[in-house]
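Trainee: A single structure is presented below for examination.
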Amino acid sequence: MEQVSRRARPRRSAAETYQREFAVLSGFCARSLVMTEDGPQPLEWIAVGDKVLTRGAGFQPVLWVEHNKLSMSTLQHLPELAPVRVERGAFDDDLPNRDMMLSPSQLIYVERTFDKDSDDGVLIAADVLAPRLVPIERPKAERVNYVSLLLDGHHLIQVEGVWAGSLFIADAANNLPDSDPICTQLRDRVMEPVAPILPREDSQVFLANKNASLLHKRA
């Protein structure tokens with residue numbers, strides 16, 4: 001029998017992976033608490049110039065705040081954009097600190113092992129985590145406001161105690177305001193992800209590995 005060679009899948013850039021496999025809308029629902037220089041603050045209170053805690057880079061200034069407001073009509077026509085709820089303590093004994101509502105495409109940092117000295121983690125979209133390690137529930141929502149923070153580069157920020165990706169430039173490449181010279185400069189720059197962004201297929205394989213850990217180290 002003639003054997004048919006299996007072609008290796010072409011390698012995608014982080015931006016291609018994210019844009020092809022996940023919705024373009026990321027972020028957390030309003031009232032989610034992000035760690036700032038002044039302690040936890042609701043995301044919708046954050047303004048340009050405020051500094052938020054990042055993993056490994058200390059406090060970094062916010063360059064732009066993205067608000068994506070979806071109406072009840074939009075969510076009825078595109079239910080896949082409805083937020084997911086992560087219950088308090090789903091990732092660890094006290095993480096997240098409270099029930100957390102976020103976009104299904106929001107990237108969450110997942111460590112590969114239980115080694116607390118390791119930074120060898122990956123980024124997985126919230127809805128991909130749902131069938132596996134955490135009890136994520138997709139609630140009914142009449143309307144939603146997803147808030148994302150753009151920093152000078154891709155960073156991990158702490159929301160409700162959980163490390164999650166800041167706004168990845170691929171998300172906002174077509175939405176950054178032309179009037180802001182900083183955003184214009186960022187639009188033309190290729191942003192490297194702070195950790196590997198796993199495609200859906202690879203995420204399922206990764207999460208099936210019993211060594212995958214959802215422990216989130218404190219800064």
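Order determines the names: the first chain of the structure tokens is A, the second B, and so forth; residues in each chain are numbered 1 upward, and ligands are numbered 1 upward as they are shown.
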I'd like the contact shell of Ile124 of chain A - 9 Å cut-off, only C-alpha atoms, skipping same-chain residues fewer than 6 positions apart - returned as a ChimeraX atom specification.

Mentor: /A:105-110,196-200,203

Trainee: Give me a file of those residues, with N, CA, C and O atoms, as a CSV table (one decimal), in the first residue's frame.

Mentor:
chain,number,residue,atom,x,y,z
A,105,SER,N,-11.9,34.6,25.0
A,105,SER,CA,-10.6,34.6,24.3
A,105,SER,C,-9.5,35.3,25.2
A,105,SER,O,-8.3,35.4,24.7
A,106,GLN,N,-9.8,35.7,26.4
A,106,GLN,CA,-8.8,36.3,27.3
A,106,GLN,C,-7.7,35.2,27.6
A,106,GLN,O,-8.0,34.1,27.9
A,107,LEU,N,-6.4,35.6,27.4
A,107,LEU,CA,-5.3,34.7,27.6
A,107,LEU,C,-5.0,34.6,29.1
A,107,LEU,O,-4.8,35.6,29.8
A,108,ILE,N,-5.0,33.4,29.6
A,108,ILE,CA,-4.6,33.1,31.0
A,108,ILE,C,-3.3,32.4,31.1
A,108,ILE,O,-3.0,31.5,30.2
A,109,TYR,N,-2.4,32.7,32.0
A,109,TYR,CA,-1.1,32.1,32.1
A,109,TYR,C,-1.2,30.8,32.9
A,109,TYR,O,-1.7,30.8,34.0
A,110,VAL,N,-0.7,29.8,32.3
A,110,VAL,CA,-0.7,28.4,33.0
A,110,VAL,C,0.7,27.9,33.0
A,110,VAL,O,1.4,27.8,32.0
A,196,PRO,N,4.4,31.5,25.2
A,196,PRO,CA,3.8,30.9,24.0
A,196,PRO,C,2.3,30.9,24.1
A,196,PRO,O,1.7,30.5,25.1
A,197,ILE,N,1.6,31.3,23.0
A,197,ILE,CA,0.2,31.2,22.9
A,197,ILE,C,-0.2,29.9,22.2
A,197,ILE,O,0.2,29.6,21.1
A,198,LEU,N,-0.8,29.0,23.0
A,198,LEU,CA,-1.1,27.7,22.4
A,198,LEU,C,-2.4,27.7,21.6
A,198,LEU,O,-3.4,28.2,22.0
A,199,PRO,N,-2.3,27.1,20.4
A,199,PRO,CA,-3.5,26.8,19.6
A,199,PRO,C,-4.4,25.9,20.3
A,199,PRO,O,-4.0,25.2,21.2
A,200,ARG,N,-5.7,25.8,19.9
A,200,ARG,CA,-6.6,25.0,20.6
A,200,ARG,C,-6.2,23.5,20.7
A,200,ARG,O,-6.3,22.9,21.7
A,203,SER,N,-3.5,23.1,23.0
A,203,SER,CA,-3.9,23.4,24.4
A,203,SER,C,-4.6,22.1,25.0
A,203,SER,O,-4.4,21.8,26.2

Trainee: DSSP on the backbone: what in segment 12-102 of chain A comes out alpha helix (DSSP H), as a ChimeraX atom specification?

Mentor: /A:14-21,72-77

Trainee: Keeping only N, CA, C and O atoms, take the residues you just selected and write them out as a short mmCIF file (atom, residue, chain, number, x, y, z; two decimals), in the first residue's frame.

Mentor:
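Below is the file that was written, result-v6.cif:
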data_model
loop_
_atom_site.label_atom_id
_atom_site.label_comp_id
_atom_site.auth_asym_id
_atom_site.auth_seq_id
_atom_site.Cartn_x
_atom_site.Cartn_y
_atom_site.Cartn_z
N ALA A 14 2.58 34.15 16.56
CA ALA A 14 1.66 34.28 17.68
C ALA A 14 0.40 35.04 17.26
O ALA A 14 -0.71 34.70 17.65
N ALA A 15 0.59 36.08 16.46
CA ALA A 15 -0.55 36.87 16.01
C ALA A 15 -1.49 36.03 15.14
O ALA A 15 -2.71 36.09 15.28
N GLU A 16 -0.92 35.23 14.22
CA GLU A 16 -1.74 34.39 13.35
C GLU A 16 -2.52 33.37 14.16
O GLU A 16 -3.70 33.11 13.92
N THR A 17 -1.84 32.75 15.13
CA THR A 17 -2.50 31.76 15.98
C THR A 17 -3.68 32.39 16.70
O THR A 17 -4.79 31.86 16.72
N TYR A 18 -3.45 33.55 17.28
CA TYR A 18 -4.51 34.20 18.06
C TYR A 18 -5.67 34.62 17.18
O TYR A 18 -6.83 34.40 17.50
N GLN A 19 -5.35 35.23 16.03
CA GLN A 19 -6.41 35.75 15.17
C GLN A 19 -7.22 34.64 14.52
O GLN A 19 -8.43 34.76 14.34
N ARG A 20 -6.58 33.52 14.18
CA ARG A 20 -7.29 32.44 13.51
C ARG A 20 -8.12 31.60 14.46
O ARG A 20 -9.18 31.11 14.09
N GLU A 21 -7.65 31.42 15.67
CA GLU A 21 -8.26 30.43 16.54
C GLU A 21 -9.14 31.02 17.64
O GLU A 21 -9.92 30.30 18.25
N MET A 72 -27.06 43.38 24.15
CA MET A 72 -27.79 42.13 24.26
C MET A 72 -28.06 41.55 22.88
O MET A 72 -27.98 40.35 22.68
N SER A 73 -28.35 42.41 21.91
CA SER A 73 -28.62 41.95 20.55
C SER A 73 -27.38 41.27 19.95
O SER A 73 -27.48 40.22 19.31
N THR A 74 -26.22 41.89 20.17
CA THR A 74 -24.97 41.30 19.65
C THR A 74 -24.71 39.94 20.28
O THR A 74 -24.35 38.98 19.59
N LEU A 75 -24.92 39.83 21.58
CA LEU A 75 -24.66 38.56 22.27
C LEU A 75 -25.66 37.49 21.85
O LEU A 75 -25.33 36.30 21.84
N GLN A 76 -26.87 37.90 21.49
CA GLN A 76 -27.85 36.92 21.01
C GLN A 76 -27.45 36.38 19.66
O GLN A 76 -27.64 35.18 19.38
N HIS A 77 -26.89 37.22 18.81
CA HIS A 77 -26.47 36.78 17.48
C HIS A 77 -25.11 36.10 17.51
O HIS A 77 -24.81 35.25 16.65
#

Trainee: Using only C-alpha atoms, which residues sit within 8 Å of Ala30 of chain A once same-chain residues fewer than 4 positions away are excluded, as a list of chain:residue names?

Mentor: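 Returned residues: A:Pro42, A:Leu43, A:Glu44, A:Val144, A:Asn145, A:Tyr146, A:Val147.
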
Trainee: Please write the residues from the selection above to a file, keeping N, CA and C atoms, as a JSON list (two decimals), in the first residue's frame.

Mentor:
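Final file, again.json:
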[["chain", "number", "residue", "atom", "x", "y", "z"],
["A", 42, "PRO", "N", -10.80, 48.61, 40.15],
["A", 42, "PRO", "CA", -11.62, 48.14, 39.03],
["A", 42, "PRO", "C", -10.99, 48.52, 37.70],
["A", 43, "LEU", "N", -11.02, 47.61, 36.76],
["A", 43, "LEU", "CA", -10.38, 47.87, 35.47],
["A", 43, "LEU", "C", -10.92, 49.11, 34.78],
["A", 44, "GLU", "N", -12.23, 49.36, 34.91],
["A", 44, "GLU", "CA", -12.82, 50.50, 34.22],
["A", 44, "GLU", "C", -12.39, 51.84, 34.83],
["A", 144, "VAL", "N", -22.35, 43.50, 27.99],
["A", 144, "VAL", "CA", -21.06, 43.31, 28.63],
["A", 144, "VAL", "C", -20.08, 44.38, 28.14],
["A", 145, "ASN", "N", -19.16, 44.73, 29.01],
["A", 145, "ASN", "CA", -18.07, 45.65, 28.67],
["A", 145, "ASN", "C", -16.76, 44.95, 28.98],
["A", 146, "TYR", "N", -16.03, 44.54, 27.92],
["A", 146, "TYR", "CA", -14.72, 43.93, 28.10],
["A", 146, "TYR", "C", -13.66, 45.02, 28.14],
["A", 147, "VAL", "N", -12.85, 45.02, 29.19],
["A", 147, "VAL", "CA", -11.81, 46.04, 29.35],
["A", 147, "VAL", "C", -10.44, 45.37, 29.25]]

Trainee: For the atom pair atom CA of Glu142 of chain A and atom CA of Ala125 of chain A, what is the interatomic distance in Å to one decimal place?

Mentor: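 Going from atom CA of Glu142 of chain A over to atom CA of Ala125 of chain A covers 22.5 Å.
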
Trainee: For atom CA of Arg85 of chain A and atom CA of Leu25 of chain A, determine how far apart the two atoms are, in Å to one decimal place.

Mentor: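 Atom-to-atom, atom CA of Arg85 of chain A to atom CA of Leu25 of chain A, that is 15.9 Å.
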